[in-house]
Each structure stands twice: as structure tokens, then as C-alpha cells.
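As provided, protein_11.cif (mmCIF, C-alpha atoms) reads as follows.
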data_upload
#
loop_
_atom_site.label_atom_id
_atom_site.label_comp_id
_atom_site.auth_asym_id
_atom_site.auth_seq_id
_atom_site.Cartn_x
_atom_site.Cartn_y
_atom_site.Cartn_z
CA MET A 1 0.00 0.00 0.00
CA LEU A 2 2.86 2.38 0.81
CA TRP A 3 4.61 1.50 -2.44
CA ALA A 4 1.35 2.25 -4.23
CA ALA A 5 1.06 5.62 -2.50
CA LYS A 6 4.61 6.47 -3.52
CA GLY A 7 4.02 5.34 -7.09
CA LEU A 8 0.86 7.42 -7.34
CA ALA A 9 2.53 10.50 -5.89
CA MET A 10 5.61 10.16 -8.08
CA THR A 11 3.49 9.68 -11.18
CA ALA A 12 1.45 12.76 -10.33
CA VAL A 13 4.71 14.69 -10.04
CA ASP A 14 5.71 13.46 -13.49
CA LEU A 15 2.41 14.50 -14.99
CA LEU A 16 2.51 18.00 -13.52
CA THR A 17 6.15 18.75 -14.25
CA GLU A 18 6.42 17.57 -17.86
CA PRO A 19 3.43 18.63 -20.01
CA GLY A 20 4.45 16.17 -22.71
CA HIS A 21 3.35 13.23 -20.55
CA LEU A 22 -0.27 14.36 -20.46
CA LYS A 23 -0.24 15.12 -24.17
CA ARG A 24 1.06 11.65 -24.94
CA ALA A 25 -1.39 10.08 -22.50
CA ARG A 26 -4.28 11.88 -24.18
CA ALA A 27 -3.04 10.81 -27.63
CA ALA A 28 -2.81 7.18 -26.49
CA PHE A 29 -6.26 7.42 -24.92
CA GLU A 30 -7.81 8.77 -28.11
CA GLU A 31 -6.07 6.16 -30.21
CA ASP A 32 -7.41 3.37 -27.98
CA ALA A 33 -10.87 4.90 -28.05
CA ARG A 34 -10.79 4.87 -31.86
CA LYS A 35 -9.81 1.22 -31.85
CA SER A 36 -12.52 0.29 -29.36
CA PRO A 37 -14.23 -2.13 -28.76
CA SER A 38 -11.15 -4.37 -28.94
CA PRO A 39 -8.08 -2.09 -28.78
CA SER A 40 -5.93 -4.86 -27.31
CA GLY A 41 -6.43 -7.05 -30.36
CA ARG A 42 -6.37 -10.13 -28.17
CA GLY A 43 -7.50 -13.31 -29.80
CA ARG A 44 -10.74 -14.78 -28.63
CA GLY A 45 -11.11 -18.23 -27.18
CA MET B 1 10.88 24.32 -11.46
CA ALA B 2 12.42 22.22 -8.76
CA ASN B 3 14.29 19.17 -9.88
CA VAL B 4 11.80 16.38 -10.60
CA GLN B 5 13.85 13.73 -8.88
CA HIS B 6 14.08 15.89 -5.78
CA LEU B 7 10.31 16.38 -5.79
CA LYS B 8 9.81 12.64 -6.05
CA GLN B 9 12.23 12.06 -3.21
CA ARG B 10 10.32 14.51 -1.06
CA VAL B 11 6.94 12.86 -1.65
CA CYS B 12 8.40 9.46 -0.85
CA GLN B 13 9.92 10.80 2.36
CA ALA B 14 6.57 12.36 3.26
CA ILE B 15 4.89 8.98 2.86
CA ASP B 16 7.57 7.31 4.95
CA ARG B 17 6.98 9.83 7.73
CA ARG B 18 3.29 8.99 7.68
CA ALA B 19 3.72 5.24 7.26
CA SER B 20 2.47 4.32 10.74
CA GLU B 21 -0.56 6.55 10.41
CA LEU B 22 -1.40 5.20 6.97
CA ILE B 23 -1.04 1.58 8.01
CA GLU B 24 -3.15 2.19 11.09
CA THR B 25 -5.81 3.85 8.95
CA ALA B 26 -5.92 0.99 6.46
CA ASP B 27 -6.12 -1.50 9.30
CA TRP B 28 -8.88 0.45 10.99
CA ILE B 29 -10.99 0.63 7.83
CA HIS B 30 -10.42 -3.10 7.34
CA ALA B 31 -11.62 -3.78 10.87
CA HIS B 32 -14.71 -1.59 10.40
CA PRO B 33 -16.10 -2.58 6.99
CA GLU B 34 -18.90 -0.51 5.52
CA ILE B 35 -20.69 -1.36 2.30
CA GLY B 36 -21.32 1.02 -0.57
CA HIS B 37 -22.86 4.41 0.20
CA GLN B 38 -22.62 3.56 3.91
CA GLU B 39 -18.89 4.25 4.26
CA VAL B 40 -19.57 7.00 6.76
CA GLU B 41 -16.66 6.36 9.07
CA ALA B 42 -14.19 5.47 6.32
CA SER B 43 -14.92 8.60 4.33
CA ARG B 44 -14.85 10.71 7.46
CA ARG B 45 -11.50 9.28 8.50
CA LEU B 46 -9.89 9.59 5.09
CA SER B 47 -11.21 13.06 4.35
CA GLY B 48 -10.34 14.10 7.90
CA MET B 49 -6.70 13.22 7.34
CA LEU B 50 -6.64 15.50 4.31
CA GLN B 51 -8.43 18.31 6.12
CA ALA B 52 -6.08 18.04 9.08
CA ALA B 53 -3.23 18.75 6.66
CA GLY B 54 -4.95 21.96 5.56
CA ILE B 55 -6.31 20.56 2.30
CA PRO B 56 -9.82 21.80 1.40
CA VAL B 57 -12.26 18.92 1.15
CA GLU B 58 -15.75 18.92 -0.29
CA MET B 59 -18.01 16.22 1.10
CA GLY B 60 -21.00 14.79 -0.71
CA THR B 61 -19.49 15.10 -4.19
CA ALA B 62 -21.94 14.35 -7.00
CA GLY B 63 -24.73 14.00 -4.47
CA MET B 64 -23.24 10.99 -2.71
CA ALA B 65 -23.02 11.42 1.03
CA THR B 66 -19.85 9.36 1.44
CA ALA B 67 -18.01 10.78 -1.58
CA PHE B 68 -15.46 13.53 -1.30
CA LYS B 69 -13.14 15.71 -3.34
CA ALA B 70 -9.94 17.11 -1.91
CA GLU B 71 -8.27 19.91 -3.87
CA LEU B 72 -4.56 20.54 -3.94
CA GLY B 73 -3.76 23.63 -5.99
CA GLY B 74 -0.38 24.22 -7.54
CA LYS B 75 1.31 27.50 -8.31
CA ARG B 76 -1.03 27.71 -11.28
CA ALA B 77 -4.13 26.11 -9.86
CA GLY B 78 -6.62 24.50 -12.17
CA ARG B 79 -5.62 22.66 -15.31
CA PRO B 80 -3.86 20.43 -15.93
CA ARG B 81 -5.43 18.35 -13.19
CA VAL B 82 -4.62 14.83 -12.04
CA ALA B 83 -7.17 12.89 -10.01
CA ILE B 84 -6.09 10.18 -7.58
CA LEU B 85 -8.98 7.84 -6.96
CA ALA B 86 -9.87 6.43 -3.53
CA GLU B 87 -12.18 3.49 -2.87
CA TYR B 88 -13.13 2.37 0.63
CA ASP B 89 -16.26 0.24 0.49
CA ALA B 90 -16.49 -3.36 1.66
CA LEU B 91 -18.36 -6.46 0.51
CA PRO B 92 -21.50 -7.54 2.36
CA GLY B 93 -20.80 -10.42 4.65
CA LEU B 94 -17.14 -10.56 3.67
CA GLY B 95 -15.72 -7.20 4.64
CA HIS B 96 -12.65 -5.87 2.88
CA GLY B 97 -11.87 -9.04 0.95
CA CYS B 98 -11.11 -6.93 -2.11
CA GLY B 99 -8.76 -4.58 -0.31
CA HIS B 100 -10.53 -1.30 -0.89
CA ASN B 101 -9.29 -0.17 2.53
CA LEU B 102 -5.84 -0.09 0.90
CA ILE B 103 -7.01 1.81 -2.17
CA GLY B 104 -8.48 4.67 -0.16
CA THR B 105 -5.53 4.90 2.19
CA SER B 106 -2.94 4.86 -0.57
CA ALA B 107 -4.75 7.65 -2.41
CA VAL B 108 -4.92 9.78 0.73
CA GLY B 109 -1.28 9.00 1.47
CA ALA B 110 -0.33 10.18 -1.99
CA GLY B 111 -2.44 13.31 -1.55
CA LEU B 112 -0.87 14.15 1.78
CA ALA B 113 2.61 13.74 0.34
CA LEU B 114 1.79 15.82 -2.73
CA SER B 115 0.42 18.63 -0.56
CA GLU B 116 4.03 19.31 0.48
CA VAL B 117 5.23 19.86 -3.08
CA VAL B 118 2.14 20.94 -5.03
CA PRO B 119 2.91 24.67 -4.64
CA GLU B 120 5.88 23.98 -6.91
CA LEU B 121 3.84 22.19 -9.56
CA ASP B 122 1.94 23.56 -12.53
CA GLY B 123 -1.62 22.44 -12.20
CA SER B 124 -3.61 20.76 -9.45
CA ILE B 125 -4.46 17.46 -7.90
CA TRP B 126 -7.74 16.05 -6.68
CA VAL B 127 -8.11 13.13 -4.35
CA LEU B 128 -11.53 11.76 -5.22
CA GLY B 129 -13.34 9.53 -2.76
CA THR B 130 -15.54 7.30 -4.93
CA PRO B 131 -18.04 5.24 -2.91
CA ALA B 132 -19.81 2.00 -3.68
CA GLU B 133 -17.39 0.46 -6.14
CA GLU B 134 -18.06 -3.15 -5.12
CA SER B 135 -21.38 -3.04 -7.00
CA ALA B 136 -22.93 -4.79 -4.04
CA ALA B 137 -25.10 -1.93 -2.86
CA PRO B 138 -28.11 -0.37 -4.54
CA ASN B 139 -27.26 2.52 -6.83
CA SER B 140 -23.60 1.49 -6.77
CA GLY B 141 -20.76 2.90 -8.86
CA GLY B 142 -19.38 6.08 -7.36
CA LYS B 143 -17.29 6.88 -10.40
CA VAL B 144 -20.27 6.36 -12.71
CA HIS B 145 -22.24 8.93 -10.75
CA MET B 146 -19.28 11.29 -10.82
CA VAL B 147 -18.98 10.88 -14.58
CA ASN B 148 -22.66 11.63 -14.96
CA ALA B 149 -22.26 14.70 -12.74
CA GLY B 150 -19.43 15.96 -14.92
CA VAL B 151 -16.72 15.67 -12.28
CA PHE B 152 -14.26 14.03 -14.67
CA SER B 153 -14.79 16.74 -17.27
CA ASP B 154 -12.31 18.79 -15.26
CA VAL B 155 -9.69 16.03 -15.03
CA ASP B 156 -6.80 15.40 -17.42
CA ALA B 157 -5.66 12.06 -16.02
CA ALA B 158 -6.96 9.69 -13.34
CA ILE B 159 -4.76 7.21 -11.51
CA MET B 160 -5.31 4.60 -8.82
CA PHE B 161 -4.09 1.21 -7.70
CA HIS B 162 -5.93 -1.98 -6.83
CA PRO B 163 -4.54 -4.73 -4.60
CA GLY B 164 -3.76 -8.02 -6.25
CA THR B 165 -1.82 -11.23 -5.84
CA GLU B 166 1.30 -9.70 -7.40
CA THR B 167 2.72 -6.29 -8.20
CA ALA B 168 1.83 -5.72 -11.81
CA VAL B 169 1.36 -2.83 -14.18
CA THR B 170 -0.14 -4.19 -17.37
CA MET B 171 -2.32 -3.25 -20.28
CA ASP B 172 -4.83 -5.93 -19.27
CA ARG B 173 -8.28 -4.53 -19.15
CA SER B 174 -10.81 -5.34 -16.51
CA LEU B 175 -14.18 -6.47 -17.68
CA ALA B 176 -17.23 -4.52 -18.68
CA ALA B 177 -20.16 -5.59 -16.53
CA ARG B 178 -23.93 -5.34 -16.45
CA GLY B 179 -26.24 -6.75 -13.82
CA PHE B 180 -29.81 -7.93 -14.16
CA GLU B 181 -32.59 -9.22 -11.97
CA PHE B 182 -35.31 -11.43 -13.42
CA TYR B 183 -38.68 -11.78 -11.69
CA PHE B 184 -40.97 -14.63 -12.68
CA ARG B 185 -44.61 -14.78 -11.62
CA GLY B 186 -46.85 -17.82 -11.93
CA ARG B 187 -49.73 -19.16 -9.90
CA ALA B 188 -49.65 -20.77 -6.49
CA ALA B 189 -51.27 -24.13 -5.91
CA HIS B 190 -51.01 -26.95 -3.43
CA ALA B 191 -48.04 -28.97 -4.64
CA ALA B 192 -49.61 -32.31 -3.65
CA GLY B 193 -53.31 -31.65 -3.80
CA ALA B 194 -53.62 -29.72 -7.05
CA PRO B 195 -50.23 -29.24 -8.73
CA GLU B 196 -51.86 -29.04 -12.15
CA GLU B 197 -53.44 -25.75 -11.08
CA GLY B 198 -50.08 -24.14 -10.45
CA ILE B 199 -47.67 -22.23 -12.66
CA ASN B 200 -44.27 -22.75 -11.13
CA ALA B 201 -42.10 -19.65 -11.02
CA LEU B 202 -39.22 -21.60 -9.51
CA ASP B 203 -39.24 -23.85 -12.57
CA ALA B 204 -38.68 -20.73 -14.67
CA VAL B 205 -35.69 -19.73 -12.53
CA VAL B 206 -34.24 -23.22 -12.80
CA LEU B 207 -34.75 -23.24 -16.54
CA LEU B 208 -33.04 -19.87 -16.84
CA TYR B 209 -30.15 -21.06 -14.66
CA ASN B 210 -29.67 -24.15 -16.83
CA ALA B 211 -30.04 -22.24 -20.08
CA ILE B 212 -27.31 -19.84 -19.01
CA SER B 213 -25.15 -22.76 -17.93
CA MET B 214 -25.36 -24.06 -21.49
CA LEU B 215 -24.92 -20.59 -22.97
CA ARG B 216 -21.48 -20.29 -21.36
CA GLN B 217 -20.00 -22.73 -23.87
CA GLN B 218 -21.30 -20.71 -26.78
CA VAL B 219 -19.81 -17.34 -25.89
CA ARG B 220 -16.26 -16.00 -26.00
CA SER B 221 -13.88 -17.18 -23.31
CA ASP B 222 -13.56 -13.72 -21.74
CA VAL B 223 -17.27 -13.73 -20.88
CA ARG B 224 -18.38 -14.38 -17.34
CA ILE B 225 -22.01 -14.91 -16.35
CA HIS B 226 -22.68 -15.56 -12.69
CA GLY B 227 -25.72 -15.32 -10.49
CA ILE B 228 -27.66 -16.14 -7.39
CA ILE B 229 -31.25 -17.07 -6.71
CA LEU B 230 -32.95 -14.25 -4.83
CA SER B 231 -36.24 -15.96 -4.13
CA GLY B 232 -37.37 -19.52 -4.74
CA GLY B 233 -40.62 -19.99 -2.91
CA ALA B 234 -42.09 -19.97 0.57
CA ALA B 235 -42.87 -23.59 1.39
CA ALA B 236 -42.17 -26.98 -0.16
CA ASN B 237 -45.88 -27.84 -0.41
CA ILE B 238 -46.79 -24.67 -2.27
CA ILE B 239 -45.94 -24.25 -5.95
CA PRO B 240 -44.06 -20.94 -5.96
CA ASP B 241 -45.94 -18.16 -7.69
CA TYR B 242 -42.91 -15.89 -7.49
CA ALA B 243 -39.21 -16.51 -7.97
CA ALA B 244 -36.32 -14.23 -8.78
CA ILE B 245 -32.70 -14.51 -9.83
CA ARG B 246 -29.87 -12.02 -10.16
CA TYR B 247 -27.13 -12.26 -12.77
CA ARG B 248 -24.04 -10.31 -13.57
CA THR B 249 -22.62 -10.53 -17.06
CA ARG B 250 -19.08 -9.48 -17.99
CA SER B 251 -16.84 -9.25 -21.01
CA ASP B 252 -13.70 -7.35 -21.87
CA ASP B 253 -15.60 -5.91 -24.81
CA SER B 254 -18.55 -3.63 -24.09
CA GLU B 255 -20.12 -4.17 -27.49
CA TYR B 256 -19.89 -7.96 -27.31
CA LEU B 257 -21.29 -7.77 -23.80
CA ALA B 258 -24.40 -6.15 -25.23
CA GLU B 259 -24.81 -9.19 -27.50
CA VAL B 260 -24.40 -11.54 -24.54
CA VAL B 261 -26.99 -9.58 -22.60
CA GLU B 262 -29.48 -10.04 -25.41
CA ARG B 263 -28.92 -13.78 -25.27
CA VAL B 264 -29.33 -13.87 -21.49
CA ILE B 265 -32.60 -11.98 -21.75
CA ALA B 266 -33.70 -14.40 -24.46
CA CYS B 267 -32.98 -17.28 -22.06
CA ALA B 268 -35.22 -15.61 -19.50
CA GLU B 269 -37.97 -15.04 -22.02
CA GLY B 270 -37.72 -18.68 -23.08
CA ALA B 271 -37.95 -19.84 -19.47
CA ALA B 272 -41.03 -17.72 -18.94
CA ARG B 273 -42.69 -19.01 -22.05
CA ALA B 274 -41.88 -22.65 -21.31
CA THR B 275 -43.41 -22.46 -17.85
CA GLY B 276 -46.29 -20.08 -18.52
CA CYS B 277 -44.90 -17.45 -16.15
CA THR B 278 -44.76 -13.73 -16.70
CA LEU B 279 -41.36 -12.10 -16.73
CA GLU B 280 -40.15 -8.72 -15.59
CA TRP B 281 -36.53 -7.73 -15.46
CA LYS B 282 -34.35 -4.77 -14.67
CA GLU B 283 -30.73 -3.71 -14.58
CA TYR B 284 -29.96 -3.47 -10.88
CA MET B 285 -26.66 -1.62 -11.17
CA PRO B 286 -25.13 1.00 -13.46
CA GLY B 287 -23.34 -0.69 -16.33
CA TYR B 288 -19.54 -0.72 -16.19
CA GLU B 289 -17.53 -0.39 -19.37
CA ASN B 290 -14.23 -2.24 -19.72
CA THR B 291 -11.27 -0.21 -18.55
CA MET B 292 -8.84 1.21 -21.09
CA PRO B 293 -5.42 1.21 -19.40
CA ASN B 294 -3.20 3.99 -20.69
CA ARG B 295 0.26 2.87 -21.74
CA VAL B 296 1.82 6.27 -21.09
CA LEU B 297 0.57 6.36 -17.51
CA LEU B 298 1.46 2.71 -17.02
CA GLU B 299 5.04 3.33 -18.24
CA LEU B 300 5.43 6.21 -15.80
CA MET B 301 4.09 4.14 -12.92
CA THR B 302 6.32 1.18 -13.81
CA GLU B 303 9.40 3.37 -14.00
CA ASN B 304 8.60 5.00 -10.68
CA LEU B 305 7.97 1.75 -8.87
CA ARG B 306 11.12 0.17 -10.26
CA SER B 307 13.14 3.21 -9.20
CA LEU B 308 12.06 2.34 -5.67
CA GLY B 309 13.34 -1.20 -6.08
CA VAL B 310 9.89 -2.75 -6.48
CA MET B 311 9.68 -5.80 -8.75
CA VAL B 312 6.95 -5.04 -11.28
CA ASN B 313 5.40 -7.58 -13.62
CA ASN B 314 4.44 -6.12 -16.99
CA GLU B 315 3.37 -9.35 -18.63
CA ARG B 316 -0.14 -9.52 -19.95
CA ARG B 317 -2.51 -11.90 -18.30
CA ARG B 318 -6.24 -12.46 -18.37
CA SER B 319 -8.13 -10.59 -15.72
CA GLY B 320 -11.38 -12.03 -14.46
CA ARG B 321 -11.82 -9.14 -12.13
CA GLY B 322 -14.58 -6.74 -12.65
CA SER B 323 -14.05 -3.21 -13.74
CA ARG B 324 -12.99 -0.80 -10.99
CA SER B 325 -12.91 2.45 -12.84
CA PRO B 326 -15.53 2.05 -15.42
CA ARG B 327 -16.79 4.96 -17.34
CA ALA B 328 -14.17 7.31 -15.94
CA PHE B 329 -11.59 5.53 -18.06
CA HIS B 330 -13.65 6.14 -21.19
CA ARG B 331 -13.68 9.88 -20.45
CA VAL B 332 -10.13 10.57 -19.31
CA PRO B 333 -6.73 8.81 -19.54
#

Conversion result in C-alpha cells:
Amino acid sequence: MLWAAKGLAMTAVDLLTEPGHLKRARAAFEEDARKSPSPSGRGRG
Amino acid sequence: MANVQHLKQRVCQAIDRRASELIETADWIHAHPEIGHQEVEASRRLSGMLQAAGIPVEMGTAGMATAFKAELGGKRAGRPRVAILAEYDALPGLGHGCGHNLIGTSAVGAGLALSEVVPELDGSIWVLGTPAEESAAPNSGGKVHMVNAGVFSDVDAAIMFHPGTETAVTMDRSLAARGFEFYFRGRAAHAAGAPEEGINALDAVVLLYNAISMLRQQVRSDVRIHGIILSGGAAANIIPDYAAIRYRTRSDDSEYLAEVVERVIACAEGAARATGCTLEWKEYMPGYENTMPNRVLLELMTENLRSLGVMVNNERRRSGRGSRSPRAFHRVP
């Protein structure tokens, strides 16, 4: 739980100190949304 | 702008200083489980920790009494904004078997640590307390209600963790889910004296249960359909005129799930027709879409955890777990 708290806090620091991270995250999000409903491309059983 | 590594070091040190308090809080919530929308003490305790640190906290976010929103403003408050999500509800009869006591505490721990450095950051942070995420309470789905209330419209990224059997950061998606209750009504009769006068609602439930058992072979392997009988009659010598069953259906594909739902409803309609019962049904919980993990955020989290010496598994694996952050992840990375 403490590792998780640290990871969350550190990641928030990343996101609010380097604007490029949020831009890339948004781009990845929109790309996955376009590929929905199966963006992972996993094969089906 | 202060050195990023130094900022990260400071937040980690802040969490270390609060380690005893955070562990005690998680243990306390675990020992005092509260189900969805009844997390009065958990939300009070978690939000109280943030308030005690001077962080403004709004209670009752999106009209939910046990929800909260803590705001940490940077040197340029407002956007961009990162939300750290906190869950703290328990399962009925089981308590915190899913570990939501850890989710809420870790989010608050992160928020407390970030409050020490946020004045040096561009943007702001919210710690969002999202109730009723176990889908076990009526009107469950705190994040769904927050999405509907527009809370996530002001968020640029949302992050959280969920306990598991290993430390992993993967692109595996958790499943979309929809839940249904089916109510069959027939006609009561004496089971020995005049069974031919009865229309057996329990027969309809049994037929539905068996039909779905057979359906499982004919759907994709990511699909899960599981249920319980809610009502099956009052006495063994009375043909039940009312019976009910609850099902939850899941898939890692929201669109395919809709197809499965149609087939489940068809099973129910067939059971009603075969037995002569009437059928009513409803969705008893807000639908959850499959999560869409964000590879950019996952890479950052992986790198950060590994920098702390944590062994992180990035291999893909199937997740049978239900969605934890449903519609929020279809609105914001």
C-alpha cells in the first residue's frame, strides 16, 4: 500500500512537471478509443 | 521548477513519515467494513486526514453522502489536473476481501505527500473519494455517478491502484459488466393436492439457470455470467408463484457484452414461455464499461515503482476481475 502511494505521488509529479506526458497520454487514450471495442487485439477463445 | 527527482524524493519521504498513520488507517478501515454508500466512518476518517493537513475537502461530491473531493492547488491552480482515486467500500458479509481499505488509504497518502510539493507544480491534484465500487449496494458505482455529474470533465488524467496477488502494471483490461434481476410470476397451488393448477415460477428460474449454464459454452472465453437465486418460494408444499434470480454478465468488450446480454434476456424469455410465467426484469446496477489502461501512464508508474526497487510484472494476463474504474476511463486517460 505504501509502495502504491509512492508510485501514485511520483506519477502525479511526473504529470505535472512535464506537459508532454499528459499530451502523450491523451493521444494514447484517443487512439485506444478509436480502436474500441477491442483495442488490445487479443484473440478470442 | 524544482528538480523532478528531488520532488519525487520529497513525496516518498513524506509517505515514509506517515507510514504508521497510513497503516493504522488501512487496518482500521479493514476492521470496520462498511458497504457502498454507507462508508460514513471510512470517508470521514480519510477526508479528515486531508483536512487536518490543511487541504480543502468537499463532502457529498456528486450528491453521494460518502463521496469527497480534496483539492490541492499548484502555483497555477486549475488545469492540468490529475485525479487520484480512492475506494473504501467493503463487501457484504465478507468485509474488505477486495482490499478497498488499501485503495483509499494509498490515495490519501499520496495526496498528503503531494500537498508538500504541489505549490511547486503547474496544475492541481484532486483526491476523489468514490463510494460503492463493489457493485454490491443499490445505486452502486461512485465513479459512474461522478462521470454523470461531470466531475471528470475537469480532469486530465486519473490514476489509482488496486490490490492483487502480485505487483503488476499491465495493459490488461478489466471487464465490462452489467447486472440484471429477473422476476418470474406464476400461480400458487397446493403442490400435492392440485399441482396441475399451479404455474411454477421456480421452474422458470431453474430453466433460466440451466439455459445460461449451457450458454457459457457458446460465448467468448472472456465472458463471465454468474448469479444467485434471490427468491425460490415460501414452502415446499406450495408451488411458488414468485421466484427471482440475479445475474451479472461481464466481457472485456462492451459491445460484445451487449450481444451476450441479449442472449441472457432471451434465455429468461424462453424460461417464462416454457413455464407459462410472466417475466419482468431490470438492470440493478449502473453498467460498467471495460477499462482502457493507458500505456503512457502505465510506463510512468512502472518506471517510478522500479526506481524504488519494487519488482513489477508487466506481462499480460487475463483478468477475471470486474471493472474498478468504469466509465471514468472512457472519459479521461

Between atom CA of Trp281 of chain B and atom CA of Ala234 of chain B - distance in Å to one decimal: 20.9 Å

Result set of the PyMOL selection byres ((chain A and resi 16-30) around 7) on the coordinates above, as JSON, numbers by chain: {"A": [12, 13, 14, 15, 31, 32, 33, 34], "B": [121, 122, 123, 294, 296, 297, 333]}

Resolved residues for the PyMOL selection byres ((chain A) within 6 of (chain B)) as an MDAnalysis selection string: chainID A and resid 1 5:7 9:11 16 25 29 37 45

Reference answer for the PyMOL selection byres ((chain B and resi 35) around 9), as a list in words: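 With the shown file as input, the PyMOL selection byres ((chain B and resi 35) around 9) matches Pro33, Glu34, Gly36, His37, Gln38, Glu39, Tyr88, Asp89, Ala90, Leu91, Pro92, Gly95, Pro131, Ala132, Glu134, Ala136 and Ala137 of chain B.
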
Atom pair atom CA of Gly63 of chain B / atom CA of His32 of chain B: separation (Å):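 These two atoms are separated by 23.8 Å.
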
Nearby residues, (-25.1, -17.2, -5.9) file frame, 9 Å, all atoms listed in the file, as an MDAnalysis selection string: chainID B and resid 226:230 245:247

Those residues you just picked out, can you put them in a file as a PDB file, in the frame of the given file with C-alpha atoms?
ATOM      1  CA  HIS B 226     -22.680 -15.560 -12.690  1.00  0.00           C
ATOM      2  CA  GLY B 227     -25.720 -15.320 -10.490  1.00  0.00           C
ATOM      3  CA  ILE B 228     -27.660 -16.140  -7.390  1.00  0.00           C
ATOM      4  CA  ILE B 229     -31.250 -17.070  -6.710  1.00  0.00           C
ATOM      5  CA  LEU B 230     -32.950 -14.250  -4.830  1.00  0.00           C
ATOM      6  CA  ILE B 245     -32.700 -14.510  -9.830  1.00  0.00           C
ATOM      7  CA  ARG B 246     -29.870 -12.020 -10.160  1.00  0.00           C
ATOM      8  CA  TYR B 247     -27.130 -12.260 -12.770  1.00  0.00           C
TER       9      TYR B 247
END

Distance of atom CA of Leu208 of chain B from atom CA of Arg263 of chain B, expressed in Å to one decimal place: 11.2 Å

Selection as a PyMOL selection string: residues within 12 Å of (-51.6, -16.5, -5.6), counting only C-alpha atoms: chain B and resi 185-190+197-201+233-234+238-242

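Neighbouring residues of Ile265 of chain B at 10 Å or closer, counting only C-alpha atoms and skipping chain neighbours under 2 positions away, are Phe180, Phe182, Leu208, Ile212, Val260, Val261, Glu262, Arg263, Cys267, Ala268, Glu269, Gly270, Ala271 and Trp281 of chain B.
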